[in-house]
file target-v4.txt (compact mmCIF, C-alpha atoms)
# COMPACT_ATOMS: atom_id res chain seq x y z
CA MET A 1 0.75 26.72 24.83
CA THR A 2 -1.92 24.94 22.79
CA ARG A 3 -4.37 22.85 24.73
CA ARG A 4 -3.48 19.19 24.45
CA LYS A 5 -6.07 16.58 23.67
CA LYS A 6 -6.86 14.34 26.61
CA ILE A 7 -6.87 10.67 25.58
CA TYR A 8 -7.68 8.98 28.88
CA GLU A 9 -7.95 9.81 32.58
CA GLY A 10 -7.49 7.20 35.26
CA LYS A 11 -7.45 7.38 39.05
CA ALA A 12 -3.81 8.52 39.31
CA LYS A 13 -2.76 9.60 35.81
CA ILE A 14 -3.93 11.41 32.68
CA LEU A 15 -2.80 10.53 29.16
CA TYR A 16 -2.57 13.31 26.60
CA GLU A 17 -1.83 13.24 22.89
CA GLY A 18 1.93 13.24 22.33
CA PRO A 19 4.01 15.57 20.16
CA GLU A 20 4.75 12.82 17.62
CA PRO A 21 2.58 10.03 16.20
CA GLY A 22 2.86 6.93 18.38
CA THR A 23 3.65 8.93 21.53
CA LEU A 24 1.62 10.07 24.54
CA ILE A 25 2.26 12.35 27.49
CA GLN A 26 1.60 10.70 30.84
CA TYR A 27 0.70 13.13 33.64
CA PHE A 28 0.95 12.02 37.28
CA LYS A 29 -1.84 13.38 39.50
CA ASP A 30 -1.80 13.89 43.28
CA ASP A 31 -5.17 12.10 43.52
CA THR A 32 -5.06 8.95 45.62
CA THR A 33 -7.74 6.29 45.77
CA ALA A 34 -8.28 2.95 47.47
CA PHE A 35 -10.97 0.27 47.69
CA ASP A 36 -12.28 0.80 44.14
CA ALA A 37 -12.08 4.58 44.59
CA THR A 38 -14.49 4.59 47.54
CA LYS A 39 -11.68 6.21 49.55
CA LYS A 40 -10.16 9.31 47.98
CA ALA A 41 -7.72 12.07 48.86
CA VAL A 42 -5.35 14.53 47.26
CA LEU A 43 -1.81 14.11 48.58
CA GLU A 44 0.22 17.14 47.57
CA GLY A 45 3.41 16.17 45.75
CA LYS A 46 2.61 12.48 45.28
CA GLY A 47 2.51 12.77 41.47
CA VAL A 48 5.93 14.43 41.41
CA ILE A 49 7.52 11.64 43.47
CA ASN A 50 5.84 8.83 41.53
CA ASN A 51 6.88 10.38 38.21
CA ARG A 52 10.50 10.43 39.35
CA ILE A 53 10.52 6.93 40.90
CA SER A 54 8.80 5.42 37.87
CA GLU A 55 11.33 7.12 35.55
CA PHE A 56 14.20 5.77 37.66
CA ILE A 57 12.87 2.19 37.59
CA MET A 58 11.75 2.13 33.93
CA THR A 59 15.12 3.51 32.78
CA ARG A 60 17.00 0.81 34.66
CA LEU A 61 14.69 -1.94 33.45
CA ASN A 62 15.26 -0.78 29.90
CA SER A 63 19.02 -0.97 30.44
CA ILE A 64 18.76 -4.68 31.35
CA GLY A 65 16.62 -5.45 28.31
CA VAL A 66 13.11 -5.18 29.80
CA GLN A 67 11.57 -2.99 27.13
CA ASN A 68 8.90 -0.54 28.28
CA HIS A 69 6.92 2.46 27.09
CA PHE A 70 9.03 5.10 28.87
CA ILE A 71 10.90 7.52 26.59
CA LYS A 72 11.88 10.44 28.84
CA ARG A 73 10.68 12.61 31.71
CA LEU A 74 9.50 16.01 30.48
CA ASN A 75 9.04 17.90 33.75
CA LEU A 76 8.01 17.39 37.38
CA ARG A 77 4.74 15.63 36.56
CA GLU A 78 4.95 14.47 32.96
CA GLN A 79 6.80 11.89 30.93
CA LEU A 80 6.84 11.10 27.23
CA ILE A 81 5.84 7.50 26.56
CA ARG A 82 5.24 5.21 23.59
CA GLU A 83 1.63 4.64 22.71
CA VAL A 84 0.73 0.99 23.19
CA GLU A 85 -2.37 -1.14 22.89
CA ILE A 86 -2.97 -1.96 26.55
CA VAL A 87 -3.57 -5.61 27.44
CA PRO A 88 -6.66 -5.41 29.72
CA LEU A 89 -4.98 -7.23 32.60
CA GLU A 90 -3.43 -6.19 35.89
CA VAL A 91 -0.53 -8.52 36.59
CA VAL A 92 0.30 -8.96 40.27
CA CYS A 93 3.49 -10.64 41.47
CA ARG A 94 3.58 -11.65 45.13
CA ASN A 95 6.64 -12.61 47.19
CA ILE A 96 5.17 -12.25 50.68
CA ALA A 97 1.55 -12.69 51.81
CA ALA A 98 -0.19 -9.34 52.34
CA GLY A 99 -3.48 -7.54 51.77
CA GLN A 100 -6.34 -9.42 50.13
CA PHE A 101 -4.07 -12.40 49.38
CA SER A 102 -3.77 -13.06 53.14
CA THR A 103 -7.53 -12.77 53.56
CA ARG A 104 -8.32 -14.94 50.55
CA PHE A 105 -6.03 -17.83 51.40
CA GLY A 106 -5.76 -17.51 55.17
CA VAL A 107 -2.00 -16.97 55.01
CA PRO A 108 -0.71 -14.67 57.77
CA GLU A 109 0.43 -11.27 56.52
CA GLY A 110 4.20 -11.18 56.34
CA GLN A 111 4.66 -14.88 55.63
CA ALA A 112 7.09 -15.51 52.77
CA LEU A 113 5.50 -17.47 49.92
CA PRO A 114 7.05 -20.77 48.76
CA ARG A 115 7.84 -19.02 45.45
CA SER A 116 6.80 -15.86 43.67
CA ILE A 117 3.15 -16.13 42.63
CA ILE A 118 1.77 -14.30 39.58
CA GLU A 119 -1.94 -13.49 39.44
CA PHE A 120 -4.06 -11.93 36.68
CA TYR A 121 -6.94 -9.51 37.24
CA LEU A 122 -9.24 -8.11 34.57
CA LYS A 123 -8.83 -4.32 34.29
CA ASP A 124 -12.44 -3.29 34.87
CA ASP A 125 -13.38 -0.91 37.69
CA LYS A 126 -17.10 -1.60 37.28
CA LEU A 127 -16.49 -5.30 37.93
CA HIS A 128 -13.99 -4.52 40.72
CA ASP A 129 -11.06 -6.03 38.76
CA PRO A 130 -11.96 -9.72 39.19
CA MET A 131 -9.20 -12.31 39.37
CA VAL A 132 -9.03 -14.36 36.15
CA ALA A 133 -7.31 -17.55 35.01
CA GLU A 134 -5.39 -18.25 31.82
CA GLU A 135 -8.52 -19.99 30.48
CA HIS A 136 -10.52 -16.77 30.76
CA ILE A 137 -7.75 -14.72 29.17
CA THR A 138 -7.44 -16.91 26.09
CA ALA A 139 -11.18 -17.66 25.77
CA PHE A 140 -12.09 -13.96 25.71
CA ASN A 141 -9.04 -13.14 23.58
CA TRP A 142 -7.60 -10.64 26.05
CA ALA A 143 -4.18 -12.14 25.30
CA THR A 144 -2.79 -15.16 23.46
CA THR A 145 -1.03 -18.09 25.11
CA GLN A 146 2.29 -16.76 23.75
CA GLU A 147 1.56 -13.30 25.12
CA ILE A 148 0.75 -14.77 28.55
CA ASP A 149 4.09 -16.62 28.48
CA ASP A 150 5.89 -13.39 27.55
CA ILE A 151 4.06 -11.44 30.27
CA MET A 152 4.94 -14.01 32.94
CA ALA A 153 8.60 -14.15 31.88
CA LEU A 154 8.87 -10.35 31.89
CA THR A 155 7.09 -10.12 35.27
CA LEU A 156 9.59 -12.52 36.86
CA ARG A 157 12.49 -10.51 35.39
CA VAL A 158 11.01 -7.31 36.81
CA ASN A 159 10.54 -9.06 40.17
CA ASP A 160 14.17 -10.25 40.27
CA PHE A 161 15.46 -6.79 39.40
CA LEU A 162 13.22 -4.88 41.83
CA THR A 163 13.86 -7.35 44.67
CA GLY A 164 17.60 -6.81 44.32
CA MET A 165 17.36 -3.06 43.82
CA PHE A 166 15.17 -2.47 46.86
CA GLY A 167 16.95 -5.08 48.97
CA ALA A 168 20.20 -3.17 48.49
CA VAL A 169 18.68 -0.09 50.15
CA GLY A 170 16.96 -1.89 53.04
CA ILE A 171 13.50 -2.28 51.52
CA THR A 172 11.60 -5.56 51.11
CA LEU A 173 9.53 -5.92 47.93
CA VAL A 174 6.36 -7.62 49.16
CA ASP A 175 4.35 -7.50 45.91
CA PHE A 176 3.67 -5.27 42.93
CA LYS A 177 1.19 -4.68 40.10
CA ILE A 178 2.24 -3.99 36.52
CA GLU A 179 0.55 -3.65 33.15
CA PHE A 180 1.62 -4.49 29.63
CA GLY A 181 0.88 -3.26 26.14
CA ARG A 182 1.34 -4.33 22.54
CA VAL A 183 3.58 -2.48 20.11
CA TRP A 184 2.69 -3.36 16.52
CA GLU A 185 5.39 -3.81 13.92
CA ASN A 186 3.58 -4.58 10.67
CA GLU A 187 1.57 -7.73 11.46
CA TYR A 188 3.58 -8.63 14.55
CA ALA A 189 2.71 -7.46 18.06
CA ARG A 190 5.40 -7.33 20.72
CA ILE A 191 4.61 -7.18 24.45
CA ILE A 192 6.30 -4.41 26.45
CA LEU A 193 5.92 -3.08 29.99
CA ALA A 194 3.61 -0.05 30.35
CA ASP A 195 1.82 2.13 32.96
CA GLU A 196 4.02 2.97 35.98
CA ILE A 197 6.03 1.38 38.77
CA SER A 198 5.84 3.45 41.96
CA PRO A 199 4.88 3.11 45.65
CA ASP A 200 1.27 3.39 44.39
CA SER A 201 1.65 0.03 42.66
CA MET A 202 3.93 -1.87 45.07
CA ARG A 203 4.04 -2.99 48.68
CA LEU A 204 7.35 -1.94 50.17
CA TRP A 205 8.36 -2.67 53.77
CA ASP A 206 11.40 -1.49 55.66
CA SER A 207 13.64 -4.58 55.83
CA ILE A 208 14.38 -4.14 59.55
CA THR A 209 11.18 -2.73 61.05
CA ASN A 210 8.65 -4.00 58.44
CA GLU A 211 7.20 -0.48 58.47
CA LYS A 212 5.03 0.09 55.40
CA MET A 213 6.44 2.56 52.85
CA ASP A 214 3.70 2.38 50.21
CA LYS A 215 0.02 3.06 49.46
CA ASP A 216 -1.06 0.82 52.37
CA ARG A 217 -0.28 3.83 54.56
CA PHE A 218 -3.22 5.54 52.85
CA ARG A 219 -5.45 2.44 52.71
CA ARG A 220 -5.00 1.78 56.43
CA ASP A 221 -4.94 5.38 57.68
CA LEU A 222 -1.35 5.07 58.91
CA GLY A 223 -0.47 8.64 57.90
CA ASN A 224 2.86 10.00 56.60
CA VAL A 225 2.16 8.78 53.06
CA ILE A 226 4.21 11.47 51.28
CA GLU A 227 7.02 11.14 53.81
CA SER A 228 7.21 7.39 53.16
CA TYR A 229 7.20 7.81 49.36
CA THR A 230 9.92 10.47 49.77
CA GLU A 231 11.99 8.07 51.90
CA VAL A 232 11.79 5.45 49.12
CA ALA A 233 13.09 8.05 46.66
CA ARG A 234 15.83 9.10 49.09
CA ARG A 235 17.05 5.52 49.57
CA LEU A 236 17.13 4.98 45.81
CA GLY A 237 19.46 7.95 45.59
CA ILE A 238 17.17 10.22 43.59
CA MET A 239 16.32 12.74 46.33
CA LYS A 240 19.06 15.14 45.29
CA GLU A 241 17.27 15.52 41.97
CA MET A 242 13.87 16.06 43.57
CA PRO A 243 12.52 19.61 43.92
CA THR A 244 12.95 21.21 47.34
CA VAL A 245 9.16 21.49 47.65
CA ILE A 246 9.13 17.70 48.09
CA GLN A 247 12.37 17.31 50.05
CA GLY A 248 10.85 19.11 52.98
CA GLY A 249 7.74 16.93 52.98
CA LEU A 250 4.55 18.66 51.92
CA HIS A 251 5.79 22.25 51.63

call {"tool": "encode", "arguments": {"input": "target-v4.txt", "output": "structure tokens"}}
result
Amino acid sequence: MTRRKKIYEGKAKILYEGPEPGTLIQYFKDDTTAFDATKKAVLEGKGVINNRISEFIMTRLNSIGVQNHFIKRLNLREQLIREVEIVPLEVVCRNIAAGQFSTRFGVPEGQALPRSIIEFYLKDDKLHDPMVAEEHITAFNWATTQEIDDIMALTLRVNDFLTGMFGAVGITLVDFKIEFGRVWENEYARIILADEISPDSMRLWDSITNEKMDKDRFRRDLGNVIESYTEVARRLGIMKEMPTVIQGGLH
């Protein structure tokens, strides 16, 4: 096999040149980081599970009209995606107070918010992804007012869908982070969902016990990270399609 050209490497994924113009191959790594990558580990099998969960969610979002960059899963760790011009924002939607939101506003963790709150953070590891307002976004031309409106509308649609999907299998969607990209058609740019949606980018709690089933298990040294991610996949009904190496936990 010819060596593919690496386009970009992030903390959890690598993007390679795709087989066709306008496509990329997204590879899911087992690397796990927290606190601006000051805490790191390799969790065997994590990339395989996240690849499968993200495929499952992106496919269903596409079927309800939330267009995204996902084309198809290629193998255990890779998926074929559309190349997009990434909007340099992390978009966080919060339903329940948790993590730094609780600290910042003095709201007890676990308290339901009056309504879903959308926050924007600049995608910049060196600056520790600072929170930004719409004024910053438009002033620095990171996105237009129309694009911000589109991003917020899409985020709320994703939130409604994920809340229902997880709620049906006994999981509470506390919050999640998503990213968006532009697809150019002549002079017109359309905003679509990009990146991934997995337990790496969401807070998921068991609806009965409130046990954490997401990356907070790694952040807070709670252990059983892979087991929790696997349980999310099992409840979504995709375990039967997972490789046996993951079904048994680590080995």

call {"tool": "residues_around", "arguments": {"input": "target-v4.txt", "residues": "segment 93-103 of chain A", "least_positions_apart": "6", "cutoff": "6 Å", "atoms": "only C-alpha atoms", "output": "PDB file with C-alpha atoms, in the coordinates of the input"}}
result
ATOM      1  CA  GLU A 109       0.430 -11.270  56.520  1.00  0.00           C
ATOM      2  CA  GLY A 110       4.200 -11.180  56.340  1.00  0.00           C
ATOM      3  CA  GLN A 111       4.660 -14.880  55.630  1.00  0.00           C
ATOM      4  CA  ALA A 112       7.090 -15.510  52.770  1.00  0.00           C
ATOM      5  CA  LEU A 113       5.500 -17.470  49.920  1.00  0.00           C
ATOM      6  CA  SER A 116       6.800 -15.860  43.670  1.00  0.00           C
ATOM      7  CA  ILE A 117       3.150 -16.130  42.630  1.00  0.00           C
ATOM      8  CA  ILE A 118       1.770 -14.300  39.580  1.00  0.00           C
ATOM      9  CA  VAL A 174       6.360  -7.620  49.160  1.00  0.00           C
ATOM     10  CA  ASP A 175       4.350  -7.500  45.910  1.00  0.00           C
ATOM     11  CA  PHE A 176       3.670  -5.270  42.930  1.00  0.00           C
TER      12      PHE A 176
END

call {"tool": "residues_around", "arguments": {"input": "target-v4.txt", "residues": "segment 161-168 of chain A", "least_positions_apart": "3", "cutoff": "9 Å", "atoms": "all atoms listed in the file", "output": "compact mmCIF listing (two decimals) with C-alpha atoms, in the frame of the given file"}}
result
# COMPACT_ATOMS: atom_id res chain seq x y z
CA ILE A 57 12.87 2.19 37.59
CA LEU A 61 14.69 -1.94 33.45
CA ILE A 64 18.76 -4.68 31.35
CA LEU A 156 9.59 -12.52 36.86
CA ARG A 157 12.49 -10.51 35.39
CA VAL A 158 11.01 -7.31 36.81
CA ILE A 171 13.50 -2.28 51.52
CA THR A 172 11.60 -5.56 51.11
CA LEU A 173 9.53 -5.92 47.93
CA VAL A 174 6.36 -7.62 49.16
CA LEU A 204 7.35 -1.94 50.17
CA SER A 207 13.64 -4.58 55.83
CA VAL A 232 11.79 5.45 49.12
CA ARG A 235 17.05 5.52 49.57
CA LEU A 236 17.13 4.98 45.81

call {"tool": "residues_around", "arguments": {"input": "target-v4.txt", "residues": "Asn75 of chain A", "least_positions_apart": "6", "cutoff": "10 Å", "atoms": "only C-alpha atoms", "output": "count of residues only"}}
result
4

call {"tool": "atom_distance", "arguments": {"input": "target-v4.txt", "atom1": "atom CA of Val107 of chain A", "atom2": "atom CA of Lys212 of chain A"}}
result
18.5 Å

call {"tool": "closest_residue", "arguments": {"input": "target-v4.txt", "among": "A:Asp149, A:Glu85, A:Thr209, A:Leu43", "to": "Gly223 of chain A", "atoms": "only C-alpha atoms"}}
result
A:Leu43

call {"tool": "atom_distance", "arguments": {"input": "target-v4.txt", "atom1": "atom CA of Asp200 of chain A", "atom2": "atom CA of Ile148 of chain A"}}
result
24.1 Å

call {"tool": "closest_residue", "arguments": {"input": "target-v4.txt", "among": "A:Val66, A:Glu90, A:Ala233, A:Gly106", "to": "Asn159 of chain A", "atoms": "only C-alpha atoms"}}
result
A:Val66

call {"tool": "closest_residue", "arguments": {"input": "target-v4.txt", "among": "A:Pro114, A:Pro108, A:Gly170, A:Pro88", "to": "Pro130 of chain A", "atoms": "only C-alpha atoms"}}
result
A:Pro88

call {"tool": "atom_distance", "arguments": {"input": "target-v4.txt", "atom1": "atom CA of Leu76 of chain A", "atom2": "atom CA of Lys215 of chain A"}}
result
20.4 Å

call {"tool": "closest_residue", "arguments": {"input": "target-v4.txt", "among": "A:Asn224, A:Asn68, A:Thr230, A:Ser54", "to": "Leu154 of chain A", "atoms": "all atoms listed in the file"}}
result
A:Asn68

call {"tool": "closest_residue", "arguments": {"input": "target-v4.txt", "among": "A:Asp125, A:Arg60, A:Asp150, A:Gly45", "to": "Lys11 of chain A", "atoms": "only C-alpha atoms"}}
result
A:Asp125

call {"tool": "residues_near_point", "arguments": {"input": "target-v4.txt", "point": "(2.1, -2.2, 20.5)", "cutoff": "10 Å", "atoms": "all atoms listed in the file", "output": "PDB file with C-alpha atoms, in the coordinates of the input"}}
result
ATOM      1  CA  GLY A  22       2.860   6.930  18.380  1.00  0.00           C
ATOM      2  CA  HIS A  69       6.920   2.460  27.090  1.00  0.00           C
ATOM      3  CA  ARG A  82       5.240   5.210  23.590  1.00  0.00           C
ATOM      4  CA  GLU A  83       1.630   4.640  22.710  1.00  0.00           C
ATOM      5  CA  VAL A  84       0.730   0.990  23.190  1.00  0.00           C
ATOM      6  CA  GLU A  85      -2.370  -1.140  22.890  1.00  0.00           C
ATOM      7  CA  ILE A  86      -2.970  -1.960  26.550  1.00  0.00           C
ATOM      8  CA  VAL A  87      -3.570  -5.610  27.440  1.00  0.00           C
ATOM      9  CA  PHE A 180       1.620  -4.490  29.630  1.00  0.00           C
ATOM     10  CA  GLY A 181       0.880  -3.260  26.140  1.00  0.00           C
ATOM     11  CA  ARG A 182       1.340  -4.330  22.540  1.00  0.00           C
ATOM     12  CA  VAL A 183       3.580  -2.480  20.110  1.00  0.00           C
ATOM     13  CA  TRP A 184       2.690  -3.360  16.520  1.00  0.00           C
ATOM     14  CA  GLU A 185       5.390  -3.810  13.920  1.00  0.00           C
ATOM     15  CA  TYR A 188       3.580  -8.630  14.550  1.00  0.00           C
ATOM     16  CA  ALA A 189       2.710  -7.460  18.060  1.00  0.00           C
ATOM     17  CA  ARG A 190       5.400  -7.330  20.720  1.00  0.00           C
ATOM     18  CA  ILE A 191       4.610  -7.180  24.450  1.00  0.00           C
ATOM     19  CA  ILE A 192       6.300  -4.410  26.450  1.00  0.00           C
TER      20      ILE A 192
END

call {"tool": "axis_aligned_box", "arguments": {"input": "target-v4.txt", "around": "segment 40-55 of chain A", "padding_each_side": "3 Å", "output": "JSON"}}
result
{"center_x": 0.6, "center_y": 11.3, "center_z": 42.2, "size_x": 27.5, "size_y": 17.7, "size_z": 19.3}

call {"tool": "closest_residue", "arguments": {"input": "target-v4.txt", "among": "A:Val91, A:Met152, A:Met131, A:Leu80", "to": "Ile25 of chain A", "atoms": "all atoms listed in the file"}}
result
A:Leu80

call {"tool": "residues_near_point", "arguments": {"input": "target-v4.txt", "point": "(-1.8, 13.6, 40.7)", "cutoff": "9 Å", "atoms": "only C-alpha atoms", "output": "ChimeraX atom specification"}}
result
/A:11-14,27-32,42-48,77

call {"tool": "build_atoms", "arguments": {"input": "target-v4.txt", "residues": "segment 214-228 of chain A", "atoms": "N, CA, C and O atoms", "output": "PDB file, keeping the file's coordinate frame"}}
result
ATOM      1  N   ASP A 214       4.426   2.400  51.480  1.00  0.00           N
ATOM      2  CA  ASP A 214       3.700   2.380  50.210  1.00  0.00           C
ATOM      3  C   ASP A 214       2.259   2.867  50.413  1.00  0.00           C
ATOM      4  O   ASP A 214       1.929   3.441  51.445  1.00  0.00           O
ATOM      5  N   LYS A 215       1.395   2.566  49.440  1.00  0.00           N
ATOM      6  CA  LYS A 215       0.020   3.060  49.460  1.00  0.00           C
ATOM      7  C   LYS A 215      -0.811   2.461  50.601  1.00  0.00           C
ATOM      8  O   LYS A 215      -1.872   3.001  50.948  1.00  0.00           O
ATOM      9  N   ASP A 216      -0.355   1.363  51.205  1.00  0.00           N
ATOM     10  CA  ASP A 216      -1.060   0.820  52.370  1.00  0.00           C
ATOM     11  C   ASP A 216      -1.146   1.847  53.498  1.00  0.00           C
ATOM     12  O   ASP A 216      -2.046   1.787  54.339  1.00  0.00           O
ATOM     13  N   ARG A 217      -0.224   2.779  53.534  1.00  0.00           N
ATOM     14  CA  ARG A 217      -0.280   3.830  54.560  1.00  0.00           C
ATOM     15  C   ARG A 217      -1.547   4.662  54.376  1.00  0.00           C
ATOM     16  O   ARG A 217      -2.138   5.136  55.350  1.00  0.00           O
ATOM     17  N   PHE A 218      -1.970   4.826  53.133  1.00  0.00           N
ATOM     18  CA  PHE A 218      -3.220   5.540  52.850  1.00  0.00           C
ATOM     19  C   PHE A 218      -4.415   4.622  53.089  1.00  0.00           C
ATOM     20  O   PHE A 218      -5.393   5.008  53.737  1.00  0.00           O
ATOM     21  N   ARG A 219      -4.337   3.382  52.562  1.00  0.00           N
ATOM     22  CA  ARG A 219      -5.450   2.440  52.710  1.00  0.00           C
ATOM     23  C   ARG A 219      -5.810   2.229  54.181  1.00  0.00           C
ATOM     24  O   ARG A 219      -6.978   2.121  54.538  1.00  0.00           O
ATOM     25  N   ARG A 220      -4.784   2.156  55.025  1.00  0.00           N
ATOM     26  CA  ARG A 220      -5.000   1.780  56.430  1.00  0.00           C
ATOM     27  C   ARG A 220      -4.920   2.962  57.388  1.00  0.00           C
ATOM     28  O   ARG A 220      -4.786   2.771  58.607  1.00  0.00           O
ATOM     29  N   ASP A 221      -4.965   4.161  56.849  1.00  0.00           N
ATOM     30  CA  ASP A 221      -4.940   5.380  57.680  1.00  0.00           C
ATOM     31  C   ASP A 221      -3.735   5.429  58.609  1.00  0.00           C
ATOM     32  O   ASP A 221      -3.855   5.799  59.789  1.00  0.00           O
ATOM     33  N   LEU A 222      -2.566   5.075  58.086  1.00  0.00           N
ATOM     34  CA  LEU A 222      -1.350   5.070  58.910  1.00  0.00           C
ATOM     35  C   LEU A 222      -0.651   6.434  58.888  1.00  0.00           C
ATOM     36  O   LEU A 222       0.259   6.670  59.682  1.00  0.00           O
ATOM     37  N   GLY A 223      -1.070   7.309  57.980  1.00  0.00           N
ATOM     38  CA  GLY A 223      -0.470   8.640  57.900  1.00  0.00           C
ATOM     39  C   GLY A 223       0.914   8.624  57.245  1.00  0.00           C
ATOM     40  O   GLY A 223       1.443   7.575  56.880  1.00  0.00           O
ATOM     41  N   ASN A 224       1.494   9.830  57.131  1.00  0.00           N
ATOM     42  CA  ASN A 224       2.860  10.000  56.600  1.00  0.00           C
ATOM     43  C   ASN A 224       3.057   9.326  55.236  1.00  0.00           C
ATOM     44  O   ASN A 224       4.107   8.714  54.986  1.00  0.00           O
ATOM     45  N   VAL A 225       2.055   9.428  54.371  1.00  0.00           N
ATOM     46  CA  VAL A 225       2.160   8.780  53.060  1.00  0.00           C
ATOM     47  C   VAL A 225       3.268   9.429  52.230  1.00  0.00           C
ATOM     48  O   VAL A 225       4.170   8.749  51.735  1.00  0.00           O
ATOM     49  N   ILE A 226       3.215  10.761  52.099  1.00  0.00           N
ATOM     50  CA  ILE A 226       4.210  11.470  51.280  1.00  0.00           C
ATOM     51  C   ILE A 226       5.605  11.282  51.862  1.00  0.00           C
ATOM     52  O   ILE A 226       6.577  11.071  51.128  1.00  0.00           O
ATOM     53  N   GLU A 227       5.711  11.323  53.180  1.00  0.00           N
ATOM     54  CA  GLU A 227       7.020  11.140  53.810  1.00  0.00           C
ATOM     55  C   GLU A 227       7.598   9.772  53.483  1.00  0.00           C
ATOM     56  O   GLU A 227       8.804   9.628  53.233  1.00  0.00           O
ATOM     57  N   SER A 228       6.743   8.749  53.462  1.00  0.00           N
ATOM     58  CA  SER A 228       7.210   7.390  53.160  1.00  0.00           C
ATOM     59  C   SER A 228       7.640   7.269  51.699  1.00  0.00           C
ATOM     60  O   SER A 228       8.672   6.670  51.392  1.00  0.00           O
TER      61      SER A 228
END
